[in-house]
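What follows is one structure encoded as structure tokens, with my remarks underneath.
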Amino acid sequence: MKTNIKYSLILTVFVSLFINAQVNSNNNQERNDSQKEKLYLNINKDNFAIGESINISLYILNAITNVPSTLSKVAYVELIDAKNKAIKKVELSLNNSLGTTKLLIPNNIQSGSYKVIAYTNLMQRFNEFSKKDITINQEESNVSNFPKEALHLHANKDIFTTGEIMKLSLFALNKDMNTPSSISKVAYIELINAEKKSVKKIKVKLKNSLGKINLFIPNTLSSGSYKVIAYTKWMLNFNSFFEKDIMIYNPFKNDFNGSKISDAIVSNSSTTILPNSKKATRSLVSLSLNDMITEQGNYSLNVSQRTPFVTTKKSSKNNKTNEPSITYLPEIRGEIIKGKLISETNTDDFSRMKVSFSTIGKNGFSLVTNADKNGDFLFIIDKEFSNDKAYIQVLNNTLPITVKIDSNFTPDLSNLTFQDFIINEQIANYIKENAVYTQIENAYSAVKRAKTPKNSSNIKFNNLFKSFKLDDYTRFDSMKETFKEIIIGAWIEETKDKAIFKVEKTKNATSAFSKALVMVDGFLVDNHKELLDFKTNTINTITLYEGHYKLNGAMFNGIIIIETFENNYTPKNESLIVHKFPANQVHKAQYLSDYSDNSNDRIPDFNTNLFFENNLHGNEKINFYTSDITGDFDVEIQGFTKKGKPVLIKRTFTVK
């Protein structure tokens, strides 16, 4: 009996322990389940080219309740190759269960199938992650099937005076499909003289197959025949470009090189007269494009004084007949700048070297890229800026390295032929009058400023720590004193050979002793020592940003942004390469006169170009005012229907 009682007690204790263990296990399981997360991973596409960026967005949910999870504050994204090896890893902060980042595809990886995976530390405990399959191709092989591209250019007139602004609209077309082209995001425009030499070169940003730009006619040009050519780098592989003949008159160089003087009667192409075609000076003109355009599409509208213009037509042959070789990559995301590192010490592998690209100014910015094993590198510039100069440097480098930039690109102009302009008395009078009008308009340009959109800085970081406007403090002569006495949260460590700017440890940073990213007016300063002698009286603000930042593998703890009053910092680093390239002309909105009240009565108005606008679709109503100039004015619409059919419509009205 005692034995039975003994075993009963043992069994009761065992069962009790088992039940308690089971309860504890269930509680732990419930607790673990409540901490489970699941992640939704979105990327912008499935097929990428080397040098592109993968745009990534993440959304974190609780795996049980499906409500947004606030447990994880950081997520990780990796690029995995076919051997399950991590090629690249990025970390991103989560805000309200959301996170976005970009993962730059390295230049030195092979074409093939890859995976993008994303996870949090909590997910890693359960060996869980979200994944997407992608394909990465070498851009050279990936572009072989791209369609041919063409540009059409619409200028506001044919005869210009030096000092004038030529207004241009561009249409990019897919030649194979005869539809708007979405291949190139950048086009180039050159002004070519009769000697087939480029006298000016600019680049234009294309958006939705359209571009718009102002080209200033330099005062140094001689009078005579010129061409405006337009092309994309992708078109250069076929030596294809758009060309337009123009005439330029310099009132201070009345030589008319290459032009024929004649007393021929000027004839203008016939145009339809608009209803109510007689207008007074400084009166309102209203146009309904529906009355002139029968199909919707993309159009450019120009209203300008009629130009008396007679030429003898010559055609140019500018297309190769042989099979093209792909020399230039299509600029599908922005301007491509290619370069190569050359070592004076026979370095075999450049793949660990990082190269930076910086522009200086109000919208200055810096980019960092990796060189491949052979020293080749490229930058894809998708930002709009007006500076025509950039600084390129190899970061953290002590070796004698030469940087070469591939910047010589232009169409083959050997077969280009120019029109002979026939100038008679009527044309000569028009040119002289136009020269006077231009000088008057330029004299009053400060009064007639167009409303242009403000340029926002391309330097945008989260986690602003503090900004110091130095005029609010007692200024110090040296940079070291300024940081010691004014800039709270950052300091300068100096040794005999170098100086390092640092930002104090913050909640998101990994180390308090790593180097900060220092930028002056958009320029990435790699050698901090060169700033010790910087004139602090030229500095407007110093801004600190917390956290650690990664620029294509280059790690920085904190960011220090120094902005001068003039935004004209000049780097001292002698190893810098100064790269000159066509400036990305930031388009300025056209000034339109408004005579609805009497506020501008005393300002002379000799504007010959009353209206110029693209990105019109054919259903708009356009209003503008005439100027003080009398005579015939042409309304010209150029563009393409949605099916790619070219459209040219001309109307005319008279100002009395």
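Convention: chains lettered A, B, ... in structure tokens order; per-chain residue numbering from 1; ligands numbered from 1 as shown.
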### Task
List every residue of range 33-207 of chain A that DSSP, applied to the backbone of this structure, assigns to strand (DSSP E or B), and report them as a ChimeraX atom specification.
/A:37-43,47-49,53-62,68,74-80,86-93,95,98-104,112-119,130-137,149-155,159-161,165-174,179-180,186-192,198-205,207
### Task
Would you kindly return, as number ranges by chain, each protein, DNA or RNA residue with an atom no farther than 7 Å from any atom of Leu58 in chain A, considering only C-alpha atoms and excluding same-chain residues fewer than 4 positions away?
A: 39-42, 98-100
### Query
Which residues, written as JSON, numbers by chain, have at least one atom at most 10 Å from Ile332 in chain A, with only C-alpha atoms counted and residues fewer than 4 positions away on the same chain left out?
{"A": [52, 182, 183, 184, 185, 186, 234, 336, 380, 382]}
Could those residues be written to a file, using C-alpha atoms, as a PDB file, in the first residue's frame?
ATOM      1  CA  GLU A  52      22.243  50.564 -62.381  1.00  0.00           C
ATOM      2  CA  SER A 182      11.939  56.355 -73.754  1.00  0.00           C
ATOM      3  CA  ILE A 183      15.514  55.171 -74.297  1.00  0.00           C
ATOM      4  CA  SER A 184      17.652  58.258 -73.675  1.00  0.00           C
ATOM      5  CA  LYS A 185      17.266  60.620 -70.755  1.00  0.00           C
ATOM      6  CA  VAL A 186      19.893  63.067 -72.092  1.00  0.00           C
ATOM      7  CA  TRP A 234      22.781  56.104 -78.566  1.00  0.00           C
ATOM      8  CA  ILE A 336      27.053  58.393 -68.432  1.00  0.00           C
ATOM      9  CA  ILE A 380      25.385  57.755 -64.102  1.00  0.00           C
ATOM     10  CA  ASP A 382      20.540  61.605 -63.064  1.00  0.00           C
TER      11      ASP A 382
END
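Among the candidates A:Glu331, A:Asp526, A:Glu613, A:Asp628, the one nearest to Asn214 in chain A when counting only C-alpha atoms is A:Glu613.
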### Query
Excluding same-chain residues fewer than 2 positions from Leu153 in chain A, what lies within 10 Å of it counting only C-alpha atoms, as a PyMOL selection string?
chain A and resi 151+155+168-172+189+211-212+228-231+242-244+300+638-639
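Using only C-alpha atoms, the residues found no farther than 9 Å from Ile562 in chain A, other than those of its own chain fewer than 4 positions away, are Val518, Met519, Val520, Asp521, Gly522, Ile539, Asn540, Thr541, Ile542 and Thr543 of chain A.
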Given the selection you just returned, output its residues as a file containing N, CA, C and O atoms, formatted as an mmCIF file, in the first residue's frame.
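As a result, result.cif now contains:
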data_model
loop_
_atom_site.group_PDB
_atom_site.id
_atom_site.type_symbol
_atom_site.label_atom_id
_atom_site.label_comp_id
_atom_site.auth_asym_id
_atom_site.auth_seq_id
_atom_site.Cartn_x
_atom_site.Cartn_y
_atom_site.Cartn_z
ATOM 1 N N VAL A 518 32.662 64.772 -45.230
ATOM 2 C CA VAL A 518 32.723 66.236 -45.250
ATOM 3 C C VAL A 518 32.505 66.719 -46.684
ATOM 4 O O VAL A 518 33.190 66.286 -47.607
ATOM 5 N N MET A 519 31.523 67.624 -46.856
ATOM 6 C CA MET A 519 31.223 68.174 -48.170
ATOM 7 C C MET A 519 31.189 69.693 -48.073
ATOM 8 O O MET A 519 30.587 70.245 -47.150
ATOM 9 N N VAL A 520 31.851 70.336 -49.022
ATOM 10 C CA VAL A 520 31.869 71.795 -49.084
ATOM 11 C C VAL A 520 31.262 72.210 -50.426
ATOM 12 O O VAL A 520 31.809 71.901 -51.482
ATOM 13 N N ASP A 521 30.121 72.876 -50.373
ATOM 14 C CA ASP A 521 29.414 73.323 -51.589
ATOM 15 C C ASP A 521 29.190 72.176 -52.563
ATOM 16 O O ASP A 521 29.240 72.353 -53.784
ATOM 17 N N GLY A 522 28.959 70.966 -52.030
ATOM 18 C CA GLY A 522 28.713 69.801 -52.876
ATOM 19 C C GLY A 522 29.938 68.972 -53.157
ATOM 20 O O GLY A 522 29.832 67.850 -53.644
ATOM 21 N N ILE A 539 32.371 81.215 -44.952
ATOM 22 C CA ILE A 539 31.403 80.165 -44.636
ATOM 23 C C ILE A 539 30.094 80.778 -44.165
ATOM 24 O O ILE A 539 30.076 81.641 -43.285
ATOM 25 N N ASN A 540 29.005 80.303 -44.736
ATOM 26 C CA ASN A 540 27.677 80.728 -44.305
ATOM 27 C C ASN A 540 27.155 79.813 -43.198
ATOM 28 O O ASN A 540 26.861 80.272 -42.103
ATOM 29 N N THR A 541 27.047 78.508 -43.488
ATOM 30 C CA THR A 541 26.515 77.571 -42.503
ATOM 31 C C THR A 541 27.352 76.301 -42.450
ATOM 32 O O THR A 541 27.999 75.916 -43.445
ATOM 33 N N ILE A 542 27.311 75.652 -41.294
ATOM 34 C CA ILE A 542 27.877 74.310 -41.107
ATOM 35 C C ILE A 542 26.774 73.455 -40.501
ATOM 36 O O ILE A 542 26.218 73.787 -39.456
ATOM 37 N N THR A 543 26.442 72.351 -41.170
ATOM 38 C CA THR A 543 25.333 71.502 -40.746
ATOM 39 C C THR A 543 25.846 70.106 -40.447
ATOM 40 O O THR A 543 26.656 69.558 -41.213
#
### Query
Ile165 in chain A: which residues within 8 Å, counting only C-alpha atoms, same-chain residues fewer than 2 positions away excluded, as a list in words?
Gly163, Lys167, Asn214, Leu215, Phe216 and Ile217 of chain A
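For the pair CA of Lys148 in chain A and CA of Ala187 in chain A, the interatomic distance is 14.4 Å.
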So that I can see what lies close to Ile159 in chain A, please list as a CSV table (one decimal) with C-alpha atoms, in the first residue's frame the residues with an atom at most 7 Å from it, counting only C-alpha atoms and leaving out residues fewer than 4 positions away in the same chain.
chain,number,residue,atom,x,y,z
A,246,ILE,CA,20.2,78.9,-89.1
A,247,MET,CA,21.7,82.3,-89.8
A,248,ILE,CA,23.5,84.4,-87.2
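Ranking A:Ser181, A:Thr652, A:Thr570, A:Thr135 by their shortest atom-to-atom distance to Pro147 in chain A, with only C-alpha atoms included, puts A:Ser181 first.
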